[in-house]
Amino acid sequence: MNPLLDQFITEGRDILQTIGERLLQLEDTPDDSALMGELFRLVHTLKGNSGLFDLPEMTRVLHAAEDLMDAVRDGRRPFDRPVADRLLEAMDFVLALIDEIGDSAESAPPNTARHANDALELANALRSLLAAAQATTPTATETEPAPSPTPAAIPFESLPSRIQQELAQRLEAGEPLCWLTYEPEEECFFKGEDPFHQVLQLGEPYWRRVSSREDWAPLDELDAYRCILRFEAILNTPAEALHEHFRYIPEQVQIVPLQPPAPSIAPAPSSEPPPDAETAWSFNVVLEAQREILGLTDNPPWLSGRLRAVATTLEAAFASIGQAVDRDALQQALHSADASQSSQPLLHWLDEQQRLGDTQLPAAAPPPTTATAARPEAPEAEEPIKFGRRAEDRLAGHTLKVDQVKIDRLMNLIGEMVVTKNALPYLANRAEEVFGTRELAREIKAQYGIINRIAEEMQDAIMQIRMMPVSFVLQRFPRLVRDTARRLGKEVRLVMEGESTEADKNIIEALADPLVHIVRNSLDHGLESPAERRASGKPSEGRLTISARQESDRVVIEISDDGRGIDPERIRRKAYERGLIGEPELERLTDQEAINLVFAAGFSTAEQVSDLSGRGVGMDVVRNAIACVNGTVELHSQLGQGTRLQLSLPLSMAVTNVMIIESAGQRFGVPMDTVAETVRVARNDIRTIKRRLTTVLRGRLVPLVTLNDLLGLTIEQAPNGDDEFAVLVVRIGPDPLGIIVDDCRETIDIILKPLTGILAGLGGYAGSALLGDGSVLLVLNPRELL
Amino acid sequence: MSKTILVVDDSATMVMSLKASLEIAGFTVETAGDGVQAISKLKSGIKPDLILTDINMPNMGGIDFIRNARALPGMRFTPILALTTESQQAKRDEAKKLGATGWLVKPVGGADLIKVIKQVLPGA
């Protein structure tokens, strides 16, 4: 791809993201003129950039957006929801285009002409907001775009009669002729457009005429830089080719493929849409009225003026439904009526015309697909225009300027270095014990200290590169919350705190999907409708808070809302109905335990499955996704007060701190973040309650399991000399649990590698790691084991 | 020695495009992202033979930049071309009053740009 286009795409994405943010900010502070100015400048810059490439669709939409922003900035149009909605839509469209361009590997931007209709619709939607503003404030300035020409009927009457006849013949002969009206914008010369050149480029037309749209001003007042020309031509060029030729300025041209005329009627295919029911109704009413007038018998006898009025009305009425009128016949009828002082000739003409109309009307030509797509849609109509991907789907991935593969390689290298340096203490021990050179052993140990320090610092530095702010995933939420809330008809204020909290890139990325689930759940099920909120004495605007903070070596993300909360009673009932719990548990479960049931697979409390948060697979998926990166989820809820979800994740996945334990003569690692404490429990203190081993720890009952049981070994755990067992107290879920092992050893930092090959599917293990002495340590995953 | 042109625009794409066109034509190109940067470049001793500046920029826009640049010593007669869009007639007049030599309408193609520059930059 060429570097300029590359630059354009990168900058374009950045600008679009900022525009999105500013728009949302502006919704909160619509009077912030500095913000407004910045927004205008961003749109303006993007438009200017798009002009460097052959991207008429993008330029068109951005130009309309720029004009709208200009009007908003100047106070000609208030900044309100319709404006924000339209602008956001327009930016989504532009982003979709940019993505398309970015995805194509060619050096020139791909042809985006197939989006021309979308572009036109969007531009018109934007301009319609502008037009609405102008209707109320007549002080529109000269910067306003010229209104697009309204498609009028083709003025065949004004053609020379020779041309008219020839045209009819040619059309009957099946020649594909097109009518072209081209009214260049008044300011077109300032845009580097050359209307004459445009028209001449079309080749030799069958017929052509250039006229002025308004009377020429006296010479001393004439503004030569204003284009008020109208080009009309009949061309033997397919309509598609014409559309392509004028694809930069579709709103300034009208292209109508000409149809062969109906026999004996002057060629007048109208560009009006076929009559709808209402037009037909009024047409009939008008016709009835004219018949009544013609039927009047009064003195003094027929006034020629009245007859003429009827004739004119009839002609207009037929024109309104798009039926061609033979003017000569009408004139003749009028003449003879005038002469004979009777209405009969006109009535006769009318009968004839209606008979004709009945046969002709069903065959009315379909509406031409020219620039008539102006959407009269009310700005408030909530009919979202879809463009495939939405803005937030693509914003990720552009801040890390270094190829991630390179950083991963660094990470692997430092990992190996950490392991290799761990061999030095063993070497020192060997030097002392095997070769008996204590001096050398001490020197090796000293060197080890230095290498260790450098390695740690290096590891830290590399880790820093991988650190990203949480805002990376949070930045999509203002938009997501806004759109979702609007779709659900809820009022929600999103508060975000601690966005600059940093964590490892992998952790941040793993957060993205679960967070979307959680936020959607909150919006969908948690927060009530405004009416419901008011009824329960809360402000109608719900509050959704996403906060991030660092707690020792973990990052904690909290999503809380002040919605209706979770009703433990309902959860119990549902869980029972779904067979997730049995009758005894129904009674026994505490409220907190009941609430935690929402994490069970296949649990859904929403009576109606909505398209937003799905079928209740959400929370299950959330917990698993978070557990995948060694994170935990805690859910707290107060009925009627709100729900708080706490995600706790390690800051980094690269290095894991494990405790080495021994059991059945082997060493295992246990991740420190699951270990609450280690204790020694005397054999006498272990009791069997309900056939389960338990002990009392600081007045609290702690169930015990033996590691050998968990691993399927039939060996008894070995106590120490005082007949005490080593117990690893782990905290998985709300209550502690003791795992009896043979011995607890030191804790070390390891680079955890997932199990691969034939061991890949092995449950209960988090992975393996190399120790300094070259042996392999299997690291247990207590979550899976239990 | 080749002539130096200072390009002032907040859009990196625009700067890149102009720079490429100008360098092909044999000019040395200095760039600045806004008026503030451009002024400090001028103060740091860079003496361009011509300045191309955008109008709409953050920190210091083109209009203010032209005014400030003209006040610097040795910058009274350096040609300054404003890069504008069609919708900025008022700005164009203002820029002219403050000492812009002329204006160009974006997007500026390579050939047009060089043609105009040769007009205002004798001997280029």
# chains A, B, ... in the order shown; residues from 1 in each chain; ligands from 1

call {"tool": "select_by_dssp", "arguments": {"residues": "chain B", "states": "helix (DSSP H, G or I)", "output": "JSON, numbers by chain"}}
result
{"B": [12, 13, 14, 15, 16, 17, 18, 19, 20, 21, 22, 23, 24, 35, 36, 37, 38, 39, 40, 41, 42, 43, 62, 63, 64, 65, 66, 67, 68, 69, 70, 71, 89, 90, 91, 92, 93, 94, 95, 96, 97, 110, 111, 112, 113, 114, 115, 116, 117, 118, 119, 120]}

call {"tool": "interface_residues", "arguments": {"of": "chain B", "to": "chain A", "cutoff": "8 Å", "atoms": "only C-alpha atoms", "output": "MDAnalysis selection string"}}
result
chainID B and resid 11:14 16:17 56:58 85:88 105:109

call {"tool": "atom_distance", "arguments": {"atom1": "CA of Leu752 in chain A", "atom2": "CA of Ile660 in chain A"}}
result
13.6 Å

call {"tool": "atom_distance", "arguments": {"atom1": "CA of Gly498 in chain A", "atom2": "CA of Gln550 in chain A"}}
result
9.1 Å

call {"tool": "residues_around", "arguments": {"residues": "Lys97 in chain B", "least_positions_apart": "4", "cutoff": "12 Å", "atoms": "only C-alpha atoms", "output": "ChimeraX atom specification"}}
result
/B:63-64,66-67,70,82,90-93,101-102

call {"tool": "write_last_selection", "arguments": {"atoms": "N, CA and C atoms", "output": "compact mmCIF listing (two decimals), in the first residue's frame"}}
result
# COMPACT_ATOMS: atom_id res chain seq x y z
N ILE B 63 -4.59 31.98 10.52
CA ILE B 63 -4.74 33.44 10.52
C ILE B 63 -3.79 34.06 11.54
N ASP B 64 -3.82 33.51 12.75
CA ASP B 64 -2.93 34.03 13.80
C ASP B 64 -1.47 33.80 13.43
N ILE B 66 -0.14 33.71 10.46
CA ILE B 66 0.31 34.70 9.46
C ILE B 66 0.62 36.03 10.14
N ARG B 67 -0.29 36.43 11.04
CA ARG B 67 -0.08 37.71 11.73
C ARG B 67 1.23 37.66 12.52
N ARG B 70 4.43 37.48 10.24
CA ARG B 70 4.78 38.75 9.61
C ARG B 70 5.50 39.68 10.58
N ALA B 82 -1.96 30.63 1.73
CA ALA B 82 -2.90 29.97 2.64
C ALA B 82 -3.58 28.82 1.91
N ALA B 90 -14.54 34.15 3.79
CA ALA B 90 -14.26 35.20 4.78
C ALA B 90 -12.83 35.07 5.30
N LYS B 91 -12.44 33.82 5.59
CA LYS B 91 -11.10 33.58 6.10
C LYS B 91 -10.05 33.98 5.08
N ARG B 92 -10.37 33.71 3.83
CA ARG B 92 -9.46 34.01 2.75
C ARG B 92 -9.16 35.51 2.72
N ASP B 93 -10.24 36.29 2.83
CA ASP B 93 -10.07 37.74 2.81
C ASP B 93 -9.25 38.19 4.01
N THR B 101 0.11 36.01 0.79
CA THR B 101 0.39 36.37 -0.59
C THR B 101 -0.74 35.88 -1.50
N GLY B 102 -1.31 34.76 -1.15
CA GLY B 102 -2.38 34.21 -1.96
C GLY B 102 -2.95 33.00 -1.29

call {"tool": "atom_distance", "arguments": {"atom1": "CA of Ala461 in chain A", "atom2": "CA of Val419 in chain A"}}
result
17.5 Å

call {"tool": "select_by_dssp", "arguments": {"residues": "chain B", "states": "strand (DSSP E or B)", "output": "list in words"}}
result
Thr4, Ile5, Leu6, Val7, Val8, Thr28, Val29, Glu30, Thr31, Ala32, Leu50, Ile51, Leu52, Thr53, Asp54, Ile80, Leu81, Ala82, Leu83, Thr84, Gly102, Trp103, Leu104 and Val105 of chain B

call {"tool": "residues_around", "arguments": {"residues": "Val470 in chain A", "least_positions_apart": "5", "cutoff": "7 Å", "atoms": "only C-alpha atoms", "output": "ChimeraX atom specification"}}
result
/A:499-502,508

call {"tool": "write_last_selection", "arguments": {"atoms": "N, CA and C atoms", "output": "mmCIF file, in the first residue's frame"}}
result
data_model
loop_
_atom_site.group_PDB
_atom_site.id
_atom_site.type_symbol
_atom_site.label_atom_id
_atom_site.label_comp_id
_atom_site.auth_asym_id
_atom_site.auth_seq_id
_atom_site.Cartn_x
_atom_site.Cartn_y
_atom_site.Cartn_z
ATOM 1 N N GLU A 499 -9.503 5.090 34.429
ATOM 2 C CA GLU A 499 -9.242 4.514 33.110
ATOM 3 C C GLU A 499 -7.757 4.371 32.825
ATOM 4 N N SER A 500 -6.932 5.125 33.550
ATOM 5 C CA SER A 500 -5.505 5.073 33.233
ATOM 6 C C SER A 500 -4.792 3.924 33.942
ATOM 7 N N THR A 501 -5.534 3.165 34.760
ATOM 8 C CA THR A 501 -4.942 1.991 35.396
ATOM 9 C C THR A 501 -4.384 1.061 34.329
ATOM 10 N N GLU A 502 -3.172 0.584 34.556
ATOM 11 C CA GLU A 502 -2.537 -0.223 33.516
ATOM 12 C C GLU A 502 -2.477 -1.700 33.878
ATOM 13 N N ILE A 508 -5.793 -7.036 29.401
ATOM 14 C CA ILE A 508 -6.712 -6.015 28.914
ATOM 15 C C ILE A 508 -7.568 -6.572 27.789
#

call {"tool": "residues_around", "arguments": {"residues": "Ile234 in chain A", "least_positions_apart": "5", "cutoff": "8 Å", "atoms": "only C-alpha atoms", "output": "NGL selection string"}}
result
:A and (177-180 or 205-208)

call {"tool": "write_last_selection", "arguments": {"atoms": "N, CA and C atoms", "output": "PDB file, in the first residue's frame"}}
result
ATOM      1  N   LEU A 177     -31.847   6.567 -25.408  1.00  0.00           N
ATOM      2  CA  LEU A 177     -31.466   7.962 -25.188  1.00  0.00           C
ATOM      3  C   LEU A 177     -31.703   8.351 -23.734  1.00  0.00           C
ATOM      4  N   CYS A 178     -30.891   9.274 -23.275  1.00  0.00           N
ATOM      5  CA  CYS A 178     -31.026   9.744 -21.910  1.00  0.00           C
ATOM      6  C   CYS A 178     -31.152  11.254 -21.898  1.00  0.00           C
ATOM      7  N   TRP A 179     -31.961  11.712 -20.991  1.00  0.00           N
ATOM      8  CA  TRP A 179     -32.093  13.151 -20.808  1.00  0.00           C
ATOM      9  C   TRP A 179     -31.198  13.547 -19.646  1.00  0.00           C
ATOM     10  N   LEU A 180     -30.448  14.606 -19.847  1.00  0.00           N
ATOM     11  CA  LEU A 180     -29.547  15.063 -18.790  1.00  0.00           C
ATOM     12  C   LEU A 180     -29.806  16.525 -18.481  1.00  0.00           C
ATOM     13  N   PRO A 205     -23.436  15.122 -28.203  1.00  0.00           N
ATOM     14  CA  PRO A 205     -24.798  14.753 -27.834  1.00  0.00           C
ATOM     15  C   PRO A 205     -25.719  14.797 -29.053  1.00  0.00           C
ATOM     16  N   TYR A 206     -26.874  14.215 -28.873  1.00  0.00           N
ATOM     17  CA  TYR A 206     -27.868  14.309 -29.934  1.00  0.00           C
ATOM     18  C   TYR A 206     -28.407  15.740 -29.972  1.00  0.00           C
ATOM     19  N   TRP A 207     -28.604  16.284 -28.820  1.00  0.00           N
ATOM     20  CA  TRP A 207     -29.079  17.664 -28.745  1.00  0.00           C
ATOM     21  C   TRP A 207     -28.572  18.266 -27.438  1.00  0.00           C
ATOM     22  N   ARG A 208     -28.268  19.568 -27.439  1.00  0.00           N
ATOM     23  CA  ARG A 208     -27.712  20.179 -26.239  1.00  0.00           C
ATOM     24  C   ARG A 208     -28.150  21.635 -26.147  1.00  0.00           C
TER      25      ARG A 208
END

call {"tool": "closest_residue", "arguments": {"among": "B:Leu98, B:Val120, B:Ala69, B:Ile5", "to": "Phe27 in chain B", "atoms": "only C-alpha atoms"}}
result
B:Ile5

call {"tool": "closest_residue", "arguments": {"among": "B:Thr84, B:Lys3, B:Thr53, B:Ala38", "to": "Ala25 in chain B", "atoms": "only C-alpha atoms"}}
result
B:Lys3

call {"tool": "residues_around", "arguments": {"residues": "Leu39 in chain A", "least_positions_apart": "4", "cutoff": "12 Å", "atoms": "only C-alpha atoms", "output": "ChimeraX atom specification"}}
result
/A:15-26,30,32-35,43-46,65-66,68-70,72-73,79,84,87 /B:56-58

call {"tool": "decode", "arguments": {"residues": "range 492-507 of chain A", "atoms": "N, CA and C atoms", "output": "short mmCIF file (atom, residue, chain, number, x, y, z; two decimals), in the first residue's frame"}}
result
data_model
loop_
_atom_site.label_atom_id
_atom_site.label_comp_id
_atom_site.auth_asym_id
_atom_site.auth_seq_id
_atom_site.Cartn_x
_atom_site.Cartn_y
_atom_site.Cartn_z
N VAL A 492 -29.53 6.36 31.00
CA VAL A 492 -28.39 5.84 31.75
C VAL A 492 -27.24 6.85 31.71
N ARG A 493 -26.67 7.08 32.88
CA ARG A 493 -25.45 7.88 32.93
C ARG A 493 -24.28 6.95 33.21
N LEU A 494 -23.30 7.00 32.34
CA LEU A 494 -22.15 6.13 32.51
C LEU A 494 -21.03 6.92 33.19
N VAL A 495 -20.53 6.37 34.28
CA VAL A 495 -19.40 7.01 34.97
C VAL A 495 -18.22 6.07 34.89
N MET A 496 -17.08 6.58 34.43
CA MET A 496 -15.90 5.73 34.35
C MET A 496 -14.81 6.32 35.22
N GLU A 497 -14.18 5.46 36.00
CA GLU A 497 -13.13 5.92 36.90
C GLU A 497 -11.88 5.09 36.70
N GLY A 498 -10.75 5.73 36.87
CA GLY A 498 -9.48 5.00 36.85
C GLY A 498 -9.14 4.40 35.51
N GLU A 499 -9.50 5.09 34.43
CA GLU A 499 -9.24 4.51 33.11
C GLU A 499 -7.76 4.37 32.82
N SER A 500 -6.93 5.13 33.55
CA SER A 500 -5.51 5.07 33.23
C SER A 500 -4.79 3.92 33.94
N THR A 501 -5.53 3.16 34.76
CA THR A 501 -4.94 1.99 35.40
C THR A 501 -4.38 1.06 34.33
N GLU A 502 -3.17 0.58 34.56
CA GLU A 502 -2.54 -0.22 33.52
C GLU A 502 -2.48 -1.70 33.88
N ALA A 503 -2.50 -2.51 32.86
CA ALA A 503 -2.32 -3.95 33.05
C ALA A 503 -1.74 -4.52 31.77
N ASP A 504 -1.32 -5.76 31.86
CA ASP A 504 -0.72 -6.39 30.69
C ASP A 504 -1.70 -6.44 29.53
N LYS A 505 -1.15 -6.32 28.32
CA LYS A 505 -1.98 -6.27 27.12
C LYS A 505 -2.91 -7.49 27.03
N ASN A 506 -2.38 -8.66 27.34
CA ASN A 506 -3.23 -9.85 27.26
C ASN A 506 -4.40 -9.79 28.21
N ILE A 507 -4.14 -9.26 29.40
CA ILE A 507 -5.21 -9.14 30.40
C ILE A 507 -6.26 -8.17 29.90
#
